There are 2 protein chains.
Amino acid sequence: MEFSIGVDIGGTNTDIGLVSCEGKCIARARFSTAAYQDASRYVDDLAIVIKQLLQEAGVTQMVKVGIGAPNSNYYTGCIDSATNLNFKDSVPICQMIRERLNTYAVVTNDANAAAYGEMIYGGAKEMKHFIMVTLGTGIGSGFVIDGQLVYGHDGYAGELGHTTIFPDGRLCSCGRRGCLEQYTAARGIQQTCLELMARAPYSGALTQYDIGDLGCKAIASEAYAGDQIALETFEYTGKLLGIALANAVAFSSPEAIFLMGGLMHAGDILLKPLRRSFEQNLLFVYKDNVQILPSKLPQNDASILGAAALTKLS
Amino acid sequence: MEFSIGVDIGGTNTDIGLVSCEGKCIARARFSTAAYQDASRYVDDLAIVIKQLLQEAGVTQMVKVGIGAPNSNYYTGCIDSATNLNFKDSVPICQMIRERLNTYAVVTNDANAAAYGEMIYGGAKEMKHFIMVTLGTGIGSGFVIDGQLVYGHDGYAGELGHTTIFPDGRLCSCGRRGCLEQYTAARGIQQTCLELMARAPYSGALTQYDIGDLGCKAIASEAYAGDQIALETFEYTGKLLGIALANAVAFSSPEAIFLMGGLMHAGDILLKPLRRSFEQNLLFVYKDNVQILPSKLPQNDASILGAAALTKLS
């Protein structure tokens with residue numbers, strides 16, 4: 001039986017999983033990413049954890065390692081000065097893993113890894129053309145065309161979160177203005193909610209929260225309880241996401257768009273206006289021909305499975 | 001020496017060219033598209049014109065036929081109810097050509113054909129990743145990724161002109177709102193100009209024109225003569241195109257974007273603000289890494305060469 005290792009490098013933690021060829025995560029480990037300032041020591045310990053995981057599972061041969069990491073480049077095998085990691089400059093993560101474990105290693109960003117996961121183990125097994133969109137603290141995307149992930153000229157293709165939804169709109173942390181992410185990722189939704197609260201006299205349920213606690217979860221919960229401003233917040237978020245996804249279709253004409261990530265917890269309060277806006281904004285040639293689907297990967301293991309799926313393409 | 005036939009089907013005229021393997025158009029013919037209501041008669045005459053062209057040039061063998069046509073589908077070989085052609089319903093143009101000339105025929109839309117032309121005969125010969133954008137009465141686009149034109153699931157990928165630049169913006173003939181084309185193609189530019197004229201007291205050069213004559217050519221000419229409103233019109237057009245092209249880069253991460261079409265006559269008055277806005281709006285990972293280039297195809301033959309280039313891929 002052939003196994004692979006999936007590694008999900010997050011700003012806080014690193015999750016490692018041993019994945020079977022059918023896409024089951026049969027063993028897991030986690031350690032702190034944030035505790036390391038030095039990339040070399042971090043990879044030393046990552047290699048040790050991988051070895052332990054294999055040993056405990058009774059896997060005697062070394063297996064391929066797939067890595068999902070922010071700001072990483074599939075072509076170069078490097079993580080390039082990711083703002084939410086402590087490591088500075090460029091970290092040649094694949095080469096460093098190869099040196100320590102003498103095995104094939106491959107890296108891509110989280111959203112691309114999620115797309116591979118959906119393609120190899122999830123709902124896109126039979127699809128040649130689809131888009132994966134991750135909705136969370138940011139908006140990530142991976143485009144699959146003719147069964148191939150789109151990397152483009154330099155490996156950085158697929159940045160839906162940093163396309164402009166409003167010219168001259170909200171300032172984004174990337175330095176641009178009006179990025180989709182500033183409206184439809186976690187902080188953007190909070191900002192929309194605050195703007196709506198400020199627009200007219202309002203003394204509803206949302207005023208009970210400290211601003212720091214007024215996250216998507218709280219807004220969603222108040223929306224389900226019937227609060228008008230909370231409902232409008234998700235209506236507006238869904239509308240803009242629907243437009244952005246319709247725009248994405250105009251580029252690559254996919255069979256489906258898969259959605260995953262923390263925002264999916266909001267459920268119908270987000271998905272209903274999103275789907276309505278998507279269908280409204282779809283160019284006529286694509287109408288009734290593109291599905292919006294939740295990811296079919298098990299939510300807890302999605303990022304590990306995505307990373308492990310990367311090794312299936314070599 | 002191997003030749004091919006390029007056919008450019010426009011709403012008014014059909015242009016046919018005999019193209020050498022080096023990409024020279026060595027003989028041309030033109031006849032009226034608009035004169036035909038019946039697709040079958042039209043293709044009868046198209047076949048006759050192709051035969052004559054070959055005969056006059058002394059080419060004794062039948063050659064492959066590439067066709068650029070609005071609303072056409074590469075996968076099905078059909079022209080599907082194009083609004084600016086008289087033919088109703090779906091016209092299986094490739095099959096009809098094969099029946100009459102017993103040769104390979106292939107069709108795609110004008111912008112995709114332009115992308116093939118640039119790739120086979122023009123400035124993208126050495127490129128694997130680029131975008132072709134045609135700027136004229138509409139905005140067309142063809143995306144090339146890993147040396148392949150992107151058709152997507154159903155053959156309709158690459159509709160940059162019908163991506164939303166302003167949510168809830170100007171109504172488009174496609175039924176959507178805020179399409180890029182409604183701001184940056186010929187009619188959109190005229191509308192921008194009229195809006196700017198109406199915004200404040202203005203009695204400059206543009207007021208001398210009948211509204212029907214106030215096209216891009218007239219506005220560009222007045223901009224070069226120093227008219228403020230005309231200059232602002234192109235400044236605004238360039239700004240929006242720059243944003244839209246920066247968004248397109250975020251999808252496919254190309255080496256270059258090629259521009260062609262009637263709007264290119266406006267020259268620096270359009271290209272300078274376009275390039276400025278493009279660089280401003282490019283996500284940092286792409287900065288200084290994507291060229292904006294005018295097409296290198298000879299302007300008069302560009303669409304014939306693009307159609308002929310299609311036959312080189314079979």
# chains A, B, ... in the order shown; residues from 1 in each chain; ligands from 1

call {"tool": "interface_residues", "arguments": {"of": "chain A", "to": "chain B", "cutoff": "9 Å", "atoms": "only C-alpha atoms", "output": "VMD selection string"}}
result
chain A and resid 128 to 130 143 145 to 146 150 to 167 174 to 177 240 243 to 244 246 to 255 280 to 286 289

call {"tool": "residues_around", "arguments": {"residues": "stretch 38-42 of chain B", "least_positions_apart": "6", "cutoff": "9 Å", "atoms": "only C-alpha atoms", "output": "VMD selection string"}}
result
chain B and resid 86 to 88 91 93 96

call {"tool": "select_by_dssp", "arguments": {"residues": "stretch 68-182 of chain A", "states": "strand (DSSP E)", "output": "list in words"}}
result
Gly68, Ser72, Asn73, Cys78, Ile79, Asp80, Ser90, Val91, Ala105, Val106, Val107, Thr108, Phe130, Ile131, Met132, Val133, Thr134, Leu135, Ile139, Gly140, Ser141, Gly142, Phe143, Val144, Ile145, Gln148 and Leu149 of chain A

call {"tool": "residues_around", "arguments": {"residues": "A:Ile16", "least_positions_apart": "6", "cutoff": "8 Å", "atoms": "only C-alpha atoms", "output": "PyMOL selection string"}}
result
chain A and resi 5-8+28-30+50+304

call {"tool": "residues_around", "arguments": {"residues": "A:Phe234", "least_positions_apart": "4", "cutoff": "7 Å", "atoms": "only C-alpha atoms", "output": "list in words"}}
result
Ala230, Gly238, Ile269 and Leu270 of chain A

call {"tool": "write_last_selection", "arguments": {"atoms": "N, CA and C atoms", "output": "PDB file, in the first residue's frame"}}
result
ATOM      1  N   ALA A 230     -27.137  42.103  10.396  1.00  0.00           N
ATOM      2  CA  ALA A 230     -26.350  40.879  10.210  1.00  0.00           C
ATOM      3  C   ALA A 230     -26.756  40.184   8.913  1.00  0.00           C
ATOM      4  N   GLY A 238     -22.372  37.855   0.003  1.00  0.00           N
ATOM      5  CA  GLY A 238     -22.748  36.865  -0.999  1.00  0.00           C
ATOM      6  C   GLY A 238     -22.868  37.488  -2.377  1.00  0.00           C
ATOM      7  N   ILE A 269     -26.971  31.301   4.963  1.00  0.00           N
ATOM      8  CA  ILE A 269     -27.062  32.750   5.088  1.00  0.00           C
ATOM      9  C   ILE A 269     -26.050  33.441   4.170  1.00  0.00           C
ATOM     10  N   LEU A 270     -24.974  32.717   3.845  1.00  0.00           N
ATOM     11  CA  LEU A 270     -24.004  33.188   2.866  1.00  0.00           C
ATOM     12  C   LEU A 270     -24.271  32.579   1.496  1.00  0.00           C
TER      13      LEU A 270
END

call {"tool": "residues_around", "arguments": {"residues": "stretch 189-199 of chain B", "least_positions_apart": "3", "cutoff": "12 Å", "atoms": "only C-alpha atoms", "output": "ChimeraX atom specification"}}
result
/B:135-138,170-171,180-186,202-207,209-220,222-223,227-238,240-241,263,266,270

call {"tool": "write_last_selection", "arguments": {"atoms": "C-alpha atoms", "output": "tab-separated table (two decimals), in the first residue's frame"}}
result
chain	number	residue	atom	x	y	z
B	135	LEU	CA	-9.83	46.52	-27.99
B	136	GLY	CA	-12.47	47.71	-30.42
B	137	THR	CA	-16.25	47.76	-30.62
B	138	GLY	CA	-16.00	45.08	-27.91
B	170	ARG	CA	-23.68	50.46	-16.66
B	171	LEU	CA	-26.09	48.05	-18.31
B	180	LEU	CA	-15.63	46.12	-18.62
B	181	GLU	CA	-16.73	46.44	-22.24
B	182	GLN	CA	-19.32	49.07	-21.29
B	183	TYR	CA	-16.52	51.33	-20.06
B	184	THR	CA	-13.50	50.61	-22.20
B	185	ALA	CA	-14.73	49.56	-25.65
B	186	ALA	CA	-15.75	52.12	-28.28
B	202	TYR	CA	-17.95	72.92	-20.50
B	203	SER	CA	-17.90	74.61	-23.88
B	204	GLY	CA	-14.75	73.14	-25.36
B	205	ALA	CA	-13.96	71.52	-28.69
B	206	LEU	CA	-16.06	68.41	-28.16
B	207	THR	CA	-19.29	70.43	-28.15
B	209	TYR	CA	-19.47	67.49	-32.76
B	210	ASP	CA	-22.79	65.84	-33.46
B	211	ILE	CA	-23.16	63.13	-30.83
B	212	GLY	CA	-23.19	60.52	-33.61
B	213	ASP	CA	-19.75	61.69	-34.75
B	214	LEU	CA	-18.23	61.78	-31.27
B	215	GLY	CA	-16.44	58.44	-31.55
B	216	CYS	CA	-13.09	57.37	-30.15
B	217	LYS	CA	-11.23	58.78	-33.13
B	218	ALA	CA	-12.68	62.25	-32.63
B	219	ILE	CA	-12.15	62.14	-28.85
B	220	ALA	CA	-8.55	60.98	-29.30
B	222	GLU	CA	-9.24	66.37	-29.45
B	223	ALA	CA	-7.22	64.87	-26.60
B	227	ASP	CA	-8.95	69.23	-24.69
B	228	GLN	CA	-9.29	68.48	-20.96
B	229	ILE	CA	-12.45	66.37	-21.15
B	230	ALA	CA	-11.05	64.30	-24.01
B	231	LEU	CA	-7.84	63.76	-22.03
B	232	GLU	CA	-9.81	62.78	-18.93
B	233	THR	CA	-11.85	60.33	-21.01
B	234	PHE	CA	-8.74	58.41	-22.03
B	235	GLU	CA	-7.19	58.78	-18.58
B	236	TYR	CA	-10.27	57.09	-17.10
B	237	THR	CA	-10.41	54.42	-19.83
B	238	GLY	CA	-6.73	53.63	-19.32
B	240	LEU	CA	-10.01	50.92	-15.81
B	241	LEU	CA	-8.23	48.84	-18.46
B	263	LEU	CA	-8.55	51.42	-30.05
B	266	ALA	CA	-5.40	56.21	-29.85
B	270	LEU	CA	-4.55	55.57	-23.96

call {"tool": "residues_around", "arguments": {"residues": "A:Gly10", "least_positions_apart": "5", "cutoff": "10 Å", "atoms": "only C-alpha atoms", "output": "compact mmCIF listing (two decimals) with C-alpha atoms, in the first residue's frame"}}
result
# COMPACT_ATOMS: atom_id res chain seq x y z
CA ASP A 15 -0.11 19.78 10.80
CA SER A 32 4.07 24.87 16.69
CA THR A 33 5.31 26.80 13.65
CA ALA A 34 5.34 30.07 15.56
CA GLY A 68 0.93 23.35 1.57
CA ALA A 69 2.38 26.68 2.69
CA PRO A 70 1.57 30.38 2.31
CA ASN A 84 2.48 35.32 8.58
CA LEU A 85 5.53 33.09 9.11
CA ASP A 110 -2.81 26.34 0.48

call {"tool": "select_by_dssp", "arguments": {"residues": "stretch 84-302 of chain A", "states": "helix (DSSP H, G or I)", "output": "count of residues only"}}
result
108

call {"tool": "decode", "arguments": {"residues": "stretch 73-141 of chain A", "atoms": "C-alpha atoms", "output": "mmCIF file, in the first residue's frame"}}
result
data_model
loop_
_atom_site.group_PDB
_atom_site.id
_atom_site.type_symbol
_atom_site.label_atom_id
_atom_site.label_comp_id
_atom_site.auth_asym_id
_atom_site.auth_seq_id
_atom_site.Cartn_x
_atom_site.Cartn_y
_atom_site.Cartn_z
ATOM 1 C CA ASN A 73 6.217 28.569 -5.220
ATOM 2 C CA TYR A 74 5.667 25.221 -6.929
ATOM 3 C CA TYR A 75 8.326 25.903 -9.564
ATOM 4 C CA THR A 76 11.140 26.887 -7.189
ATOM 5 C CA GLY A 77 10.129 24.751 -4.188
ATOM 6 C CA CYS A 78 10.547 27.769 -1.919
ATOM 7 C CA ILE A 79 8.451 29.635 0.638
ATOM 8 C CA ASP A 80 9.028 33.296 -0.205
ATOM 9 C CA SER A 81 8.929 35.721 2.740
ATOM 10 C CA ALA A 82 5.422 34.787 3.855
ATOM 11 C CA THR A 83 4.139 37.615 6.039
ATOM 12 C CA ASN A 84 2.480 35.320 8.584
ATOM 13 C CA LEU A 85 5.527 33.089 9.112
ATOM 14 C CA ASN A 86 8.545 34.066 11.248
ATOM 15 C CA PHE A 87 11.071 32.894 8.642
ATOM 16 C CA LYS A 88 12.550 35.745 6.701
ATOM 17 C CA ASP A 89 13.610 35.694 3.061
ATOM 18 C CA SER A 90 13.186 32.656 0.875
ATOM 19 C CA VAL A 91 13.094 29.170 2.463
ATOM 20 C CA PRO A 92 13.968 26.337 -0.003
ATOM 21 C CA ILE A 93 11.657 23.988 1.858
ATOM 22 C CA CYS A 94 11.645 21.160 -0.721
ATOM 23 C CA GLN A 95 15.427 21.018 -0.955
ATOM 24 C CA MET A 96 15.693 21.105 2.856
ATOM 25 C CA ILE A 97 13.265 18.185 3.212
ATOM 26 C CA ARG A 98 15.114 16.235 0.506
ATOM 27 C CA GLU A 99 18.415 16.762 2.317
ATOM 28 C CA ARG A 100 16.988 15.482 5.589
ATOM 29 C CA LEU A 101 14.737 12.646 4.403
ATOM 30 C CA ASN A 102 16.205 11.739 1.023
ATOM 31 C CA THR A 103 12.757 11.790 -0.591
ATOM 32 C CA TYR A 104 10.722 13.711 -3.148
ATOM 33 C CA ALA A 105 9.148 16.861 -1.722
ATOM 34 C CA VAL A 106 6.809 19.334 -3.403
ATOM 35 C CA VAL A 107 5.214 22.557 -2.191
ATOM 36 C CA THR A 108 2.384 24.811 -3.283
ATOM 37 C CA ASN A 109 0.158 27.376 -1.639
ATOM 38 C CA ASP A 110 -2.812 26.342 0.475
ATOM 39 C CA ALA A 111 -5.503 27.010 -2.104
ATOM 40 C CA ASN A 112 -3.668 25.140 -4.856
ATOM 41 C CA ALA A 113 -3.145 22.234 -2.465
ATOM 42 C CA ALA A 114 -6.873 22.281 -1.721
ATOM 43 C CA ALA A 115 -7.549 22.077 -5.468
ATOM 44 C CA TYR A 116 -5.282 19.024 -5.766
ATOM 45 C CA GLY A 117 -7.040 17.477 -2.774
ATOM 46 C CA GLU A 118 -10.442 17.946 -4.418
ATOM 47 C CA MET A 119 -9.124 16.556 -7.704
ATOM 48 C CA ILE A 120 -7.436 13.449 -6.262
ATOM 49 C CA TYR A 121 -9.613 12.605 -3.245
ATOM 50 C CA GLY A 122 -12.712 14.839 -3.337
ATOM 51 C CA GLY A 123 -15.592 16.000 -5.505
ATOM 52 C CA ALA A 124 -13.573 16.883 -8.608
ATOM 53 C CA LYS A 125 -12.282 13.383 -9.389
ATOM 54 C CA GLU A 126 -14.134 13.291 -12.681
ATOM 55 C CA MET A 127 -13.541 16.935 -13.592
ATOM 56 C CA LYS A 128 -10.980 18.469 -15.934
ATOM 57 C CA HIS A 129 -12.002 22.086 -15.385
ATOM 58 C CA PHE A 130 -12.818 23.511 -11.984
ATOM 59 C CA ILE A 131 -11.904 26.268 -9.541
ATOM 60 C CA MET A 132 -11.210 25.879 -5.830
ATOM 61 C CA VAL A 133 -11.916 28.920 -3.688
ATOM 62 C CA THR A 134 -10.954 29.047 -0.020
ATOM 63 C CA LEU A 135 -12.934 31.480 2.121
ATOM 64 C CA GLY A 136 -11.411 32.352 5.475
ATOM 65 C CA THR A 137 -9.071 34.994 6.856
ATOM 66 C CA GLY A 138 -8.147 35.499 3.203
ATOM 67 C CA ILE A 139 -9.563 34.420 -0.159
ATOM 68 C CA GLY A 140 -7.414 31.847 -1.937
ATOM 69 C CA SER A 141 -7.983 30.174 -5.283
#
